[in-house]
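S.K.: Here's a structure for you.
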Amino acid sequence: MENPSSSLLSGLNPEQLAAVTWPPAPALVLAGAGSGKTRVLTTRIAWLLQSGQASIHSVLAVTFTNKAAKEMQLRLGAMLPIPVRAMWLGTFHGLCHRFLRLHYRDAGLPAAFQILDSGDQLSLIKRLLKSLNIPDESIAPRSLQGFINAQKEAGLRAGSLDAPDPHTQRLIECYAAYDALCNQEGVVDFAELMLRSYELLQANAALRSHYQNRFKHILVDEFQDTNKLQYAWLKLLAGEHAAVFAVGDDDQSIYRFRGAHVGNMAALMREFAIDEPIKLEQNYRSDGHILTAANALIAHNNGRLGKNLRTDADAGEKIRLLQAISDNEEAQFVVDEARALQREGWDLAQMAVLYRSNAQSRILEQALFRAGIPYKIYGGLRFYERQEIKHALAYLRLAVNPHDDNALLRVINFPTRGIGTRTVENLQATASAEGVSLWQAACSTGGKQAKVAAFVRLIEALQSHIGSSNLAETMLAVVHDSGLMAHYQNQKGEHQERIDNLNELINAAVAFKPLESNFEVLPENAATDPAWPILAFLSNAALESGEHQALAGEAALQLMTIHAAKGLEFNAVFLTGLEEGLFPSEYSLAERDGLEEERRLMYVAITRARKRLYISMAQQRLLHGQTHFGVVSRFVDEIPAAVLHHLSPASGSLVAQQHSSQRSNPFHSRSPAAQTPEKAQNYAGFTLGQNVRHAKFGTGVIIDAVNKGDSAKLTVNFGKNGIKVLDTAAAKLSPL
DNA sequence: TTCAGAGTGGTTTTT
DNA sequence: CCACTCTGAA
């Protein structure tokens, strides 16, 4: 009989197999672009569960984006019949949120605490600065926001900071005032979700040991993107015993500007005594020339952990390089080539146009629009960030947590109900004089002001709705009773989209699956508090506002920044705007190691392409209303000339002669069939997944076995000592 | 209170 | 160039 793990593990290359079946000890997997990183991560979880080494209770798996988390859930669910949603599998912020909902009391938070997204955070900061009489030119709201987030991401509270200069001193004071205000209003920003969780684990020994004992396996995706706080949180959760299994690629670290700390990879190796990372260097995505270019480019960086991608694919086509006279010509080139490829049978949805900054998209858009080529731009305004949606949610937030001043200010006069700046200022004065929230001030002065009183009654009506109806009915009431829907319906002009969005929000409330299935143990307020479904819905909206739903529909050319393209792949990629100053960006050159980060970005861009890669630049470009004259980016010079094919825009047909016949993707793993775990079979006294010790190779884990009469042939992964096949008749193996 | 016109500033982005 | 914020008049 075939052993149960074989179907799970079949099709893995030796490196992947070594990673998937690594014994329960800390490991760092250096996974190059297109090397099957997600597959390794999910297969390892499945293997740990199937071989009985772990239960879904003892695994924690963390990613950065909701997209990645969903992908893992999906794949895992396809491999094993398990209640995936109850697992601690999610984003850093999502898991911390779950933790804080469970332990809100210990964390010092109200049961109805709300999450601030970055827009909410910024408006709260503006309000704070105004109340402190600090003018914008003294401290810009955005810079304070950056300061606060950076401190939190480094795990630092205002009280523990020292000021090297008077300006920083002011910033620190504002930080302290900001935290106080958030506490007063019962709101937490994204970074606070992490920091509060970390501090709670650190301060509460009982809680800490509970979770440390619970999580035997901690798996981390995109580890190179973790910031210092996230790393500290992981370390605290891991305690002395958990097997931290981190997957990442230092060459794809492109988020330093928001706190990512590549140094965490070296720190992990040092602090968890990992001798050597496991390297996944076999690339299953790109043709040879493309990979050659990527390897050569990234070799210009210093301080890499060291990794070189290889492929079994053919060299494929050379990279096509165009120096256009102008940005218009560059855009026209993209249009012509995309059309030509489409005529050859390439799928439009499998082509992408990438650029360094969003500002570059406009001219491409115009050209595509004129040519009638369908396209889809990623990275626009997200659903939950649209103003009509934020307004509706603010009514809801106010209903569950009336002390949320941010929410009150957003909707007290929207739609306009005659409560102007003057009235609001009076409320703010009353509130700060009496040390109460705006809501309380509105309630107490409402008697004198009919308009304010009407607003108070509106919110109270919504509150009573919560007690008597379900989420969907409450949402319906919010959208209509607030006057929002009527407001957009009565306005002439372009408001149909907003109306559609509000209806879509009601649909989302109807379809919302309560978070209950995300908890094995429910928070204490979940069963008793009628507002719980609303809290769940609002949290979900804040944490998952980033999901750009891939629109199913007509095939469209994909336009996005290089950052947004990370993790994606396309048959053909147009990499545009390769000019000094633009890419690498002027900004980056001033920063320490900024150029290296830009080069990693270029590396990410190149490795998105499977079959065909175009690189283009414009000698003349209109930026901020001014014409810039650019020279070719140094990154182009760092690609070996042997893999480049220069195109000349004057030569008529730009499409090179070769036709690519392999459109279907010959590689790519078959997804292993769903597999029910079978009863552990006995192999000469051993079972799959069992940990064993060998005199010479140390401790390892059994990943495969075949019975052979009285003895058995065991395949054992000894971690850094490799994978060995041992005969129980000869080898001295003892159970651990 | 509201709306329209002047002014300003402008990487990358997830949660 | 364009999108967003602020200021002044109706």
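By convention here, the chains of the structure tokens are called A, B, ... in the order presented, each chain's residues are numbered starting at 1, and ligands are numbered starting at 1 in the order presented.
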Quick one: residues within 12 Å of DC4 (chain C), only C-alpha atoms (C1' of nucleotides), excluding same-chain residues fewer than 3 positions away - as a PDB file with all heavy atoms, in the first residue's frame?

M.R.:
ATOM      1  P    DG B   7      -3.734  82.204  -5.743  1.00  0.00           P
ATOM      2  OP1  DG B   7      -3.212  83.411  -5.069  1.00  0.00           O
ATOM      3  OP2  DG B   7      -3.402  81.954  -7.159  1.00  0.00           O
ATOM      4  O5'  DG B   7      -3.327  80.932  -4.890  1.00  0.00           O
ATOM      5  C5'  DG B   7      -3.678  80.884  -3.506  1.00  0.00           C
ATOM      6  C4'  DG B   7      -3.257  79.554  -2.928  1.00  0.00           C
ATOM      7  O4'  DG B   7      -4.103  78.508  -3.447  1.00  0.00           O
ATOM      8  C3'  DG B   7      -1.815  79.160  -3.291  1.00  0.00           C
ATOM      9  O3'  DG B   7      -1.191  78.660  -2.129  1.00  0.00           O
ATOM     10  C2'  DG B   7      -1.992  78.045  -4.326  1.00  0.00           C
ATOM     11  C1'  DG B   7      -3.297  77.407  -3.839  1.00  0.00           C
ATOM     12  N9   DG B   7      -4.034  76.657  -4.851  1.00  0.00           N
ATOM     13  C8   DG B   7      -4.419  77.084  -6.102  1.00  0.00           C
ATOM     14  N7   DG B   7      -5.080  76.181  -6.778  1.00  0.00           N
ATOM     15  C5   DG B   7      -5.135  75.091  -5.918  1.00  0.00           C
ATOM     16  C6   DG B   7      -5.712  73.813  -6.080  1.00  0.00           C
ATOM     17  O6   DG B   7      -6.324  73.386  -7.070  1.00  0.00           O
ATOM     18  N1   DG B   7      -5.536  73.001  -4.973  1.00  0.00           N
ATOM     19  C2   DG B   7      -4.880  73.380  -3.825  1.00  0.00           C
ATOM     20  N2   DG B   7      -4.791  72.485  -2.852  1.00  0.00           N
ATOM     21  N3   DG B   7      -4.322  74.578  -3.651  1.00  0.00           N
ATOM     22  C4   DG B   7      -4.489  75.376  -4.725  1.00  0.00           C
ATOM     23  P    DT B   8       0.375  78.611  -2.014  1.00  0.00           P
ATOM     24  OP1  DT B   8       0.749  79.544  -0.934  1.00  0.00           O
ATOM     25  OP2  DT B   8       0.964  78.750  -3.360  1.00  0.00           O
ATOM     26  O5'  DT B   8       0.618  77.130  -1.513  1.00  0.00           O
ATOM     27  C5'  DT B   8      -0.441  76.404  -0.860  1.00  0.00           C
ATOM     28  C4'  DT B   8      -0.189  74.921  -1.057  1.00  0.00           C
ATOM     29  O4'  DT B   8      -0.996  74.425  -2.145  1.00  0.00           O
ATOM     30  C3'  DT B   8       1.265  74.565  -1.419  1.00  0.00           C
ATOM     31  O3'  DT B   8       1.687  73.494  -0.607  1.00  0.00           O
ATOM     32  C2'  DT B   8       1.194  74.145  -2.871  1.00  0.00           C
ATOM     33  C1'  DT B   8      -0.209  73.567  -2.949  1.00  0.00           C
ATOM     34  N1   DT B   8      -0.809  73.553  -4.314  1.00  0.00           N
ATOM     35  C2   DT B   8      -1.496  72.428  -4.711  1.00  0.00           C
ATOM     36  O2   DT B   8      -1.631  71.456  -4.018  1.00  0.00           O
ATOM     37  N3   DT B   8      -2.028  72.510  -5.975  1.00  0.00           N
ATOM     38  C4   DT B   8      -1.937  73.573  -6.865  1.00  0.00           C
ATOM     39  O4   DT B   8      -2.447  73.516  -7.963  1.00  0.00           O
ATOM     40  C5   DT B   8      -1.193  74.711  -6.367  1.00  0.00           C
ATOM     41  C7   DT B   8      -1.028  75.908  -7.252  1.00  0.00           C
ATOM     42  C6   DT B   8      -0.671  74.647  -5.140  1.00  0.00           C
ATOM     43  P    DG B   9       3.213  73.314  -0.274  1.00  0.00           P
ATOM     44  OP1  DG B   9       3.431  73.816   1.089  1.00  0.00           O
ATOM     45  OP2  DG B   9       4.005  73.839  -1.399  1.00  0.00           O
ATOM     46  O5'  DG B   9       3.344  71.723  -0.268  1.00  0.00           O
ATOM     47  C5'  DG B   9       2.176  70.930  -0.083  1.00  0.00           C
ATOM     48  C4'  DG B   9       2.195  69.762  -1.047  1.00  0.00           C
ATOM     49  O4'  DG B   9       1.564  70.131  -2.298  1.00  0.00           O
ATOM     50  C3'  DG B   9       3.599  69.290  -1.430  1.00  0.00           C
ATOM     51  O3'  DG B   9       3.565  67.882  -1.502  1.00  0.00           O
ATOM     52  C2'  DG B   9       3.806  69.859  -2.823  1.00  0.00           C
ATOM     53  C1'  DG B   9       2.398  69.692  -3.359  1.00  0.00           C
ATOM     54  N9   DG B   9       2.083  70.472  -4.544  1.00  0.00           N
ATOM     55  C8   DG B   9       2.540  71.723  -4.877  1.00  0.00           C
ATOM     56  N7   DG B   9       2.075  72.157  -6.019  1.00  0.00           N
ATOM     57  C5   DG B   9       1.262  71.123  -6.465  1.00  0.00           C
ATOM     58  C6   DG B   9       0.488  71.000  -7.644  1.00  0.00           C
ATOM     59  O6   DG B   9       0.365  71.828  -8.557  1.00  0.00           O
ATOM     60  N1   DG B   9      -0.178  69.778  -7.702  1.00  0.00           N
ATOM     61  C2   DG B   9      -0.113  68.797  -6.741  1.00  0.00           C
ATOM     62  N2   DG B   9      -0.811  67.698  -6.974  1.00  0.00           N
ATOM     63  N3   DG B   9       0.608  68.897  -5.640  1.00  0.00           N
ATOM     64  C4   DG B   9       1.265  70.076  -5.566  1.00  0.00           C
ATOM     65  P    DG B  10       4.639  67.072  -0.851  1.00  0.00           P
ATOM     66  OP1  DG B  10       4.561  67.201   0.600  1.00  0.00           O
ATOM     67  OP2  DG B  10       5.911  67.372  -1.555  1.00  0.00           O
ATOM     68  O5'  DG B  10       4.158  65.603  -1.257  1.00  0.00           O
ATOM     69  C5'  DG B  10       2.853  65.419  -1.771  1.00  0.00           C
ATOM     70  C4'  DG B  10       2.927  64.741  -3.149  1.00  0.00           C
ATOM     71  O4'  DG B  10       2.593  65.688  -4.174  1.00  0.00           O
ATOM     72  C3'  DG B  10       4.326  64.269  -3.495  1.00  0.00           C
ATOM     73  O3'  DG B  10       4.421  62.857  -3.248  1.00  0.00           O
ATOM     74  C2'  DG B  10       4.565  64.625  -4.969  1.00  0.00           C
ATOM     75  C1'  DG B  10       3.284  65.339  -5.372  1.00  0.00           C
ATOM     76  N9   DG B  10       3.474  66.567  -6.120  1.00  0.00           N
ATOM     77  C8   DG B  10       4.234  67.661  -5.766  1.00  0.00           C
ATOM     78  N7   DG B  10       4.182  68.626  -6.633  1.00  0.00           N
ATOM     79  C5   DG B  10       3.347  68.141  -7.626  1.00  0.00           C
ATOM     80  C6   DG B  10       2.910  68.743  -8.824  1.00  0.00           C
ATOM     81  O6   DG B  10       3.180  69.870  -9.266  1.00  0.00           O
ATOM     82  N1   DG B  10       2.051  67.900  -9.545  1.00  0.00           N
ATOM     83  C2   DG B  10       1.677  66.644  -9.159  1.00  0.00           C
ATOM     84  N2   DG B  10       0.866  65.972  -9.986  1.00  0.00           N
ATOM     85  N3   DG B  10       2.066  66.072  -8.050  1.00  0.00           N
ATOM     86  C4   DG B  10       2.909  66.869  -7.324  1.00  0.00           C
TER      87       DG B  10
END

S.K.: Within 9 Å of chain C, which residues of chain A come that close, and what is the closest atom pair and distance in Å for each? Count only C-alpha atoms (C1' of nucleotides) and give it as a tab-separated table.

M.R.:
residue	atom	partner	partner_atom	distance
A:Leu622	CA	C:DC1	C1'	8.3
A:Leu623	CA	C:DC1	C1'	7.4
A:His624	CA	C:DC1	C1'	5.4
A:Gly625	CA	C:DC1	C1'	4.5
A:Gln626	CA	C:DC1	C1'	8.2

S.K.: For chain A, which residues have at least one atom within 7 Å of chain B, if we go by only C-alpha atoms (C1' of nucleotides)? Write them as a list of chain:residue names, please.

M.R.: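 Residues of chain A within 7 Å of chain B, counting only C-alpha atoms (C1' of nucleotides): A:Thr65, A:His93, A:Phe190, A:Ser357, A:Gly420, A:Leu543, A:His563.
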
S.K.: Could the residues in this selection be saved with all heavy atoms as an mmCIF file, in the first residue's frame?

M.R.:
data_model
loop_
_atom_site.group_PDB
_atom_site.id
_atom_site.type_symbol
_atom_site.label_atom_id
_atom_site.label_comp_id
_atom_site.auth_asym_id
_atom_site.auth_seq_id
_atom_site.Cartn_x
_atom_site.Cartn_y
_atom_site.Cartn_z
ATOM 1 N N THR A 65 -0.511 39.541 3.699
ATOM 2 C CA THR A 65 -1.716 40.052 3.056
ATOM 3 C C THR A 65 -2.857 39.058 3.202
ATOM 4 O O THR A 65 -2.635 37.854 3.376
ATOM 5 C CB THR A 65 -1.484 40.277 1.554
ATOM 6 O OG1 THR A 65 -1.217 39.012 0.945
ATOM 7 C CG2 THR A 65 -0.316 41.214 1.319
ATOM 8 N N HIS A 93 -1.930 41.255 11.370
ATOM 9 C CA HIS A 93 -2.922 42.114 11.997
ATOM 10 C C HIS A 93 -4.215 41.363 12.291
ATOM 11 O O HIS A 93 -4.837 41.581 13.324
ATOM 12 C CB HIS A 93 -3.175 43.334 11.116
ATOM 13 C CG HIS A 93 -1.981 44.227 10.996
ATOM 14 N ND1 HIS A 93 -1.020 44.039 10.047
ATOM 15 C CD2 HIS A 93 -1.570 45.272 11.744
ATOM 16 C CE1 HIS A 93 -0.073 44.943 10.200
ATOM 17 N NE2 HIS A 93 -0.382 45.709 11.231
ATOM 18 N N PHE A 190 -3.644 50.319 13.107
ATOM 19 C CA PHE A 190 -3.095 49.024 12.698
ATOM 20 C C PHE A 190 -1.882 48.622 13.529
ATOM 21 O O PHE A 190 -1.789 47.489 14.014
ATOM 22 C CB PHE A 190 -2.710 49.051 11.217
ATOM 23 C CG PHE A 190 -3.888 49.038 10.293
ATOM 24 C CD1 PHE A 190 -3.979 49.946 9.252
ATOM 25 C CD2 PHE A 190 -4.906 48.118 10.454
ATOM 26 C CE1 PHE A 190 -5.067 49.936 8.392
ATOM 27 C CE2 PHE A 190 -5.997 48.098 9.607
ATOM 28 C CZ PHE A 190 -6.079 49.005 8.571
ATOM 29 N N SER A 357 5.824 54.142 -10.409
ATOM 30 C CA SER A 357 4.891 54.928 -9.611
ATOM 31 C C SER A 357 3.551 55.086 -10.324
ATOM 32 O O SER A 357 3.482 55.054 -11.553
ATOM 33 C CB SER A 357 5.478 56.299 -9.292
ATOM 34 O OG SER A 357 5.398 57.118 -10.429
ATOM 35 N N GLY A 420 -23.298 73.201 11.438
ATOM 36 C CA GLY A 420 -22.103 73.721 10.778
ATOM 37 C C GLY A 420 -20.888 73.728 11.670
ATOM 38 O O GLY A 420 -20.915 73.218 12.795
ATOM 39 N N LEU A 543 -9.911 45.553 8.288
ATOM 40 C CA LEU A 543 -8.735 44.709 8.070
ATOM 41 C C LEU A 543 -8.653 44.177 6.653
ATOM 42 O O LEU A 543 -7.579 43.824 6.191
ATOM 43 C CB LEU A 543 -8.743 43.537 9.053
ATOM 44 C CG LEU A 543 -8.424 43.905 10.496
ATOM 45 C CD1 LEU A 543 -8.714 42.739 11.427
ATOM 46 C CD2 LEU A 543 -6.973 44.325 10.630
ATOM 47 N N HIS A 563 5.355 47.135 -7.058
ATOM 48 C CA HIS A 563 5.026 46.650 -5.719
ATOM 49 C C HIS A 563 3.782 45.766 -5.742
ATOM 50 O O HIS A 563 3.736 44.720 -5.103
ATOM 51 C CB HIS A 563 4.788 47.828 -4.769
ATOM 52 C CG HIS A 563 6.038 48.499 -4.318
ATOM 53 N ND1 HIS A 563 6.588 49.557 -4.993
ATOM 54 C CD2 HIS A 563 6.855 48.245 -3.274
ATOM 55 C CE1 HIS A 563 7.693 49.937 -4.379
ATOM 56 N NE2 HIS A 563 7.877 49.162 -3.329
#

S.K.: Please identify all polymer residues within 10 Å of region 35-38 of chain A, counting only C-alpha atoms (C1' of nucleotides), omitting same-chain residues fewer than 3 positions from it, and present them as a PyMOL selection string.

M.R.: chain A and resi 12-13+15-16+19+29-32+41-44+68+71-72+75+221-222+247-249+279-285+309-311+567+668-669

S.K.: Within 10 Å of Asp336 (chain A), counting only C-alpha atoms (C1' of nucleotides), which residues qualify if same-chain residues fewer than 2 places away don't, as number ranges by chain?

M.R.: A: 330-334, 338-342, 367-368, 371, 653-655

S.K.: Pick out each residue of region 290-529 of chain A that DSSP on the backbone tags as alpha helix (DSSP H); I need them as an MDAnalysis selection string.

M.R.: chainID A and resid 290:298 327:343 361:371 387:400 405:411 421:434 438:445 450:468 471:481 484:490 496:511 524:528

S.K.: Figure out the distance between CA of Cys443 (chain A) and CA of Ala429 (chain A), please, to one decimal in Å.

M.R.: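 Straight-line distance from CA of Ala429 (chain A) to CA of Cys443 (chain A) works out to 14.1 Å.
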
S.K.: Among region 241-400 of chain A, which residues does DSSP mark as strand (DSSP E or B) when it is run on the backbone? Keep the chain and numbering as in the structure and answer as a list in words.

M.R.: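 Restricting region 241-400 of chain A to strand (DSSP E or B) produces Ala243, Val244, Phe245, Ala246, Val247, Gly248, Ile278, Lys279, Leu280, Gln282, Arg310, Ile319, Arg320, Leu321, Leu322, Gln323, Ala324, Ile325, Ser326, Met351, Ala352, Val353, Leu354, Tyr355, Tyr375, Lys376 and Ile377 of chain A.
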
S.K.: Interatomic distance between CA of Val692 (chain A) and CA of Ser734 (chain A)?

M.R.: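 That distance, rounded to one decimal, is 5.5 Å.
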
S.K.: What is the CA of Leu427 (chain A) to CA of Leu124 (chain A) distance in Å?

M.R.: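 It comes out at 16.4 Å.
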